[in-house]
Amino acid sequence: MKPFLLVIVYLVAVVTPLILSALVGGPPRQFHQELASGLGILAFSMVLMEFVLSGRFRAISNGVGLDVTMRFHQVMARTALVFALLHPLLYQGTPTAGPRPWDPTRQLTLTTDFSALSTGIIAYLLLAGLVVMAIGRTQLNYKYETWRLIHGVGALLIAVLLLHHTVYAGRYGSHPVMTWVWLALTALAVGSLLTVYLLVPLYQRTRPWSVTSIIHLTPKQWEVTVTPEGHRGLDYKAGQFVWLNVGHSPFSMRENPFSICSAPAGGPDVSFMIKELGDFTSSLNQIKNGTRAYLDGPYGNLSVDGRDEPGVALIAGGVGLAPLLGILRQMHMTGDSRKVKLIYGNRVVDQIAYREELEQTLGEENLTYVLSEPPKEWHGETGLIDAPLIDRTFSEQEFRDWVFVMCGPGVMMDAVEDHLIKRGTPGHQILSERFSYD
Amino acid sequence: FARSSQRRRLSLIVWGLNISLCLILLAFVLR
């Protein structure tokens, strides 16, 4: 989905329950009661929208990029939390236990029915906990699959509790029309969660892969190749990534995102370049050939297929080479006539992977290695991938006309992008993907 | 996160959305 359309759809979806409540829910009450109810209604609809912004729905994330989708999910959750936290604090007046016969539209009646309020109170605490745990996720350092389970089950509980609270405690939510609206929206949200946690793994079980080779590329980088078992494989574009699960049940959530470094033109086998880091990647040397694997994807927009720029500039930092290697291999295998140059930065010389293949494919004049800690006998570029190096590598015309594809640490990509824009490269000719593996 | 320009653009979009939500909420309250 395109970014502008996504924002409009989001806004309409979030405010629809509020507008419907105003239309069917009886005359307005005092300012603060209405404000409190309005905040609660918006918070609930925003919480339900978070489910479809989980990043696993390609119809949404492939247009704007998974990274942007996830960031949107994170920041809108904070707004929803603020609305939810304010919601109960604004009610004023004299609460009553039961309905008052002289107040059929609940102009003056606030419910104190504890069963209806208690689900709201529990959801209130859970939502705050869920957001705080998400923000502090890197500091708390739990395993990725533990995190996913806690976040998923927590979100499911919150949705169900909020549905109960809204329908039984809400002046607007108890209206039959709104009860059905909230029931339908909650069903959609929970359905999207079950799709990701149950239906996708069920589908993955019918399309297993197995590990066919593991190559130690550099002291801390490996190449893992998988082959499809009894199916046609993956329909992907060079430069995309998948969620890879090696050696565990597809229901285990033990999967991590990795860029594909092989090319679609190379056949159905799919290869990944993986750096040892984090809980899965540190056990790479224990994987054996024949181990069962599962893939969810492809995701990502880092593709130069069908673009009409005369040249492709590839800028890689460390293991960020993976998707760019896939692009390079695809161009080479399909006899792509576009010019191509690669800048490949690392810390030390031992970290340079696929050296022979890169030199054969690109030739010396189109390949620039950069080392930030070079050995004494090093004659290549040194330091970081910075503005002067980029200026030495590309001509003015190349800055204007080529497509620039980069993948690597965030600091590198920010610096490169700022410089490219300064040199007149249009924004739509800069493609990038940030990796940070769990 | 991908690009710094995307980050700035998204930040603007989110603020725009938050302000829109507050205005719509105000319209609901004052109707």
# chains A, B, ... in the order shown; residues from 1 in each chain; ligands from 1
>>> closest_atom_pairs(of="chain A", to="chain B", cutoff="8 Å", atoms="only C-alpha atoms", output="Markdown table")
| residue | atom | partner | partner_atom | distance |
| --- | --- | --- | --- | --- |
| A:Val7 | CA | B:Ile13 | CA | 8.0 |
| A:Leu11 | CA | B:Leu17 | CA | 7.2 |
| A:Val15 | CA | B:Leu21 | CA | 7.6 |
| A:Leu18 | CA | B:Phe28 | CA | 7.6 |
| A:Ile19 | CA | B:Phe28 | CA | 7.5 |
| A:Ala22 | CA | B:Phe28 | CA | 6.8 |
| A:Pro28 | CA | B:Arg31 | CA | 7.3 |
| A:Phe31 | CA | B:Val29 | CA | 6.1 |
| A:Glu34 | CA | B:Val29 | CA | 5.3 |
| A:Leu35 | CA | B:Val29 | CA | 5.7 |
| A:Gly38 | CA | B:Leu25 | CA | 6.2 |
| A:Leu39 | CA | B:Leu25 | CA | 7.4 |
| A:Asp67 | CA | B:Phe1 | CA | 5.1 |
| A:Val68 | CA | B:Phe1 | CA | 6.7 |
| A:Arg71 | CA | B:Phe1 | CA | 7.6 |
| A:Phe72 | CA | B:Leu10 | CA | 7.6 |
| A:Val75 | CA | B:Val14 | CA | 7.6 |
| A:Met76 | CA | B:Val14 | CA | 7.5 |
| A:Thr79 | CA | B:Asn18 | CA | 7.4 |
| A:Gly410 | CA | B:Ala2 | CA | 7.4 |
| A:Met413 | CA | B:Arg3 | CA | 6.9 |
| A:Asp414 | CA | B:Ser4 | CA | 5.6 |
| A:Glu417 | CA | B:Arg3 | CA | 7.1 |
| A:Asp418 | CA | B:Ser4 | CA | 7.8 |
| A:Ser432 | CA | B:Ala2 | CA | 5.9 |
| A:Glu433 | CA | B:Ala2 | CA | 5.3 |
| A:Arg434 | CA | B:Ala2 | CA | 5.3 |
>>> residues_around(residues="region 351-357 of chain A", least_positions_apart="6", cutoff="10 Å", atoms="only C-alpha atoms", output="mmCIF file with C-alpha atoms, in the first residue's frame")
data_model
loop_
_atom_site.group_PDB
_atom_site.id
_atom_site.type_symbol
_atom_site.label_atom_id
_atom_site.label_comp_id
_atom_site.auth_asym_id
_atom_site.auth_seq_id
_atom_site.Cartn_x
_atom_site.Cartn_y
_atom_site.Cartn_z
ATOM 1 C CA HIS A 216 32.328 -20.591 6.980
ATOM 2 C CA LEU A 217 32.970 -17.394 4.996
ATOM 3 C CA THR A 218 34.985 -15.363 7.507
ATOM 4 C CA PRO A 219 35.729 -15.815 11.235
ATOM 5 C CA LYS A 220 32.207 -14.648 12.159
ATOM 6 C CA GLN A 221 30.195 -14.953 8.947
ATOM 7 C CA TRP A 222 28.526 -18.020 7.488
ATOM 8 C CA GLU A 223 26.647 -18.861 4.330
ATOM 9 C CA MET A 273 24.867 -14.626 4.580
ATOM 10 C CA GLY A 318 29.639 -5.553 6.795
ATOM 11 C CA VAL A 319 26.995 -8.264 6.508
ATOM 12 C CA LEU A 321 26.576 -7.071 1.641
ATOM 13 C CA ALA A 322 24.031 -9.940 1.574
ATOM 14 C CA LEU A 325 25.335 -9.617 -3.467
ATOM 15 C CA ARG A 329 24.495 -12.069 -8.882
ATOM 16 C CA TYR A 344 32.126 -2.606 0.528
ATOM 17 C CA GLY A 345 33.159 -1.458 4.005
ATOM 18 C CA GLY A 363 36.669 -6.100 -11.955
ATOM 19 C CA TYR A 369 37.005 -2.072 -0.415
ATOM 20 C CA VAL A 370 37.166 0.125 2.681
ATOM 21 C CA LEU A 371 38.708 -0.942 6.000
#
>>> atom_distance(atom1="CA of Val270 (chain A)", atom2="CA of His248 (chain A)")
18.3 Å
>>> select_by_dssp(residues="region 20-198 of chain A", states="helix (DSSP H, G or I)", output="JSON, numbers by chain")
{"A": [20, 21, 22, 23, 24, 31, 32, 33, 34, 35, 36, 37, 38, 39, 40, 41, 42, 43, 44, 45, 46, 47, 48, 49, 50, 51, 52, 58, 59, 60, 61, 62, 63, 64, 66, 67, 68, 69, 70, 71, 72, 73, 74, 75, 76, 77, 78, 79, 80, 81, 82, 83, 84, 85, 86, 87, 88, 89, 90, 114, 115, 116, 117, 118, 119, 120, 121, 122, 123, 124, 125, 126, 127, 128, 129, 130, 131, 132, 133, 134, 135, 137, 138, 139, 140, 144, 145, 146, 147, 148, 149, 150, 151, 152, 153, 154, 155, 156, 157, 158, 159, 160, 161, 162, 163, 164, 165, 166, 167, 168, 169, 176, 177, 178, 179, 180, 181, 182, 183, 184, 185, 186, 187, 188, 189, 190, 191, 192, 193, 194, 195, 196, 197, 198]}
>>> atom_distance(atom1="CA of Glu255 (chain A)", atom2="CA of Glu145 (chain A)")
7.6 Å
>>> closest_residue(among="A:His151, A:His87, A:Arg292, A:His332", to="Gln360 (chain A)", atoms="only C-alpha atoms")
A:His332
>>> residues_around(residues="Gly326 (chain A)", least_positions_apart="6", cutoff="10 Å", atoms="only C-alpha atoms", output="CSV table (one decimal) with C-alpha atoms, in the first residue's frame")
chain,number,residue,atom,x,y,z
A,237,LYS,CA,13.3,-10.7,-6.2
A,238,ALA,CA,17.1,-10.3,-5.7
A,239,GLY,CA,17.6,-8.1,-2.6
A,240,GLN,CA,14.6,-9.2,-0.6
A,259,SER,CA,18.6,-11.1,3.6
A,260,ILE,CA,18.9,-13.5,0.7
A,261,CYS,CA,22.3,-13.4,-1.0
A,262,SER,CA,21.5,-15.8,-3.8
A,263,ALA,CA,19.7,-14.8,-7.0
A,264,PRO,CA,16.4,-16.0,-8.4
A,265,ALA,CA,18.1,-16.8,-11.7
A,266,GLY,CA,20.4,-19.2,-9.8
A,271,SER,CA,21.3,-18.7,0.4
A,272,PHE,CA,21.8,-16.4,3.4
A,303,SER,CA,15.1,-4.5,-5.6
A,332,HIS,CA,25.4,-11.0,-13.7
>>> atom_distance(atom1="CA of Ala13 (chain A)", atom2="CA of Arg171 (chain A)")
20.9 Å
>>> closest_residue(among="A:Ser213, A:Tyr299, A:Ile315, A:Val190", to="Leu244 (chain A)", atoms="only C-alpha atoms")
A:Tyr299
>>> residues_around(residues="Tyr294 (chain A)", least_positions_apart="5", cutoff="7 Å", atoms="only C-alpha atoms", output="ChimeraX atom specification")
/A:204,208-209,244-246,250
>>> select_by_dssp(residues="region 7-213 of chain A", states="strand (DSSP E or B)", output="PyMOL selection string")
chain A and resi 95-96+110-111+209-213
>>> write_last_selection(atoms="all heavy atoms", output="compact mmCIF listing (two decimals), in the first residue's frame")
# COMPACT_ATOMS: atom_id res chain seq x y z
N PRO A 95 -21.26 8.24 40.49
CA PRO A 95 -21.43 6.91 39.93
C PRO A 95 -22.58 6.17 40.61
O PRO A 95 -22.88 6.41 41.77
CB PRO A 95 -20.10 6.22 40.24
CG PRO A 95 -19.16 7.32 40.59
CD PRO A 95 -19.99 8.41 41.17
N THR A 96 -23.21 5.27 39.90
CA THR A 96 -24.30 4.49 40.48
C THR A 96 -24.11 3.03 40.10
O THR A 96 -23.48 2.72 39.10
CB THR A 96 -25.66 4.91 39.90
OG1 THR A 96 -25.61 4.67 38.51
CG2 THR A 96 -25.97 6.34 40.17
N LEU A 110 -22.93 7.12 35.65
CA LEU A 110 -21.65 6.45 35.40
C LEU A 110 -21.74 5.07 36.04
O LEU A 110 -22.16 4.95 37.18
CB LEU A 110 -20.50 7.20 36.06
CG LEU A 110 -20.00 8.46 35.36
CD1 LEU A 110 -18.89 9.08 36.19
CD2 LEU A 110 -19.50 8.15 33.97
N THR A 111 -21.32 4.06 35.31
CA THR A 111 -21.46 2.72 35.87
C THR A 111 -20.41 2.48 36.95
O THR A 111 -19.28 2.96 36.85
CB THR A 111 -21.34 1.65 34.78
OG1 THR A 111 -21.58 0.38 35.39
CG2 THR A 111 -19.96 1.63 34.14
N TRP A 209 11.81 -26.76 3.89
CA TRP A 209 13.09 -26.63 3.21
C TRP A 209 14.10 -27.45 4.00
O TRP A 209 13.85 -27.78 5.16
CB TRP A 209 13.55 -25.16 3.19
CG TRP A 209 12.65 -24.23 2.45
CD1 TRP A 209 11.39 -23.86 2.81
CD2 TRP A 209 12.93 -23.55 1.23
NE1 TRP A 209 10.87 -22.99 1.89
CE2 TRP A 209 11.79 -22.77 0.91
CE3 TRP A 209 14.03 -23.50 0.37
CZ2 TRP A 209 11.72 -21.97 -0.23
CZ3 TRP A 209 13.96 -22.69 -0.76
CH2 TRP A 209 12.82 -21.95 -1.06
N SER A 210 15.24 -27.78 3.38
CA SER A 210 16.28 -28.42 4.18
C SER A 210 17.63 -27.79 3.86
O SER A 210 17.88 -27.32 2.74
CB SER A 210 16.31 -29.93 3.95
OG SER A 210 16.66 -30.19 2.62
N VAL A 211 18.48 -27.77 4.89
CA VAL A 211 19.81 -27.15 4.75
C VAL A 211 20.68 -28.05 3.88
O VAL A 211 20.78 -29.25 4.13
CB VAL A 211 20.44 -26.96 6.15
CG1 VAL A 211 21.87 -26.45 6.02
CG2 VAL A 211 19.61 -26.01 6.98
N THR A 212 21.28 -27.47 2.84
CA THR A 212 22.14 -28.28 1.97
C THR A 212 23.61 -27.92 2.10
O THR A 212 24.46 -28.70 1.72
CB THR A 212 21.75 -28.12 0.48
OG1 THR A 212 21.70 -26.72 0.17
CG2 THR A 212 20.40 -28.74 0.20
N SER A 213 23.90 -26.72 2.59
CA SER A 213 25.32 -26.42 2.82
C SER A 213 25.49 -25.29 3.83
O SER A 213 24.62 -24.42 3.94
CB SER A 213 26.03 -26.06 1.51
OG SER A 213 25.83 -24.70 1.20
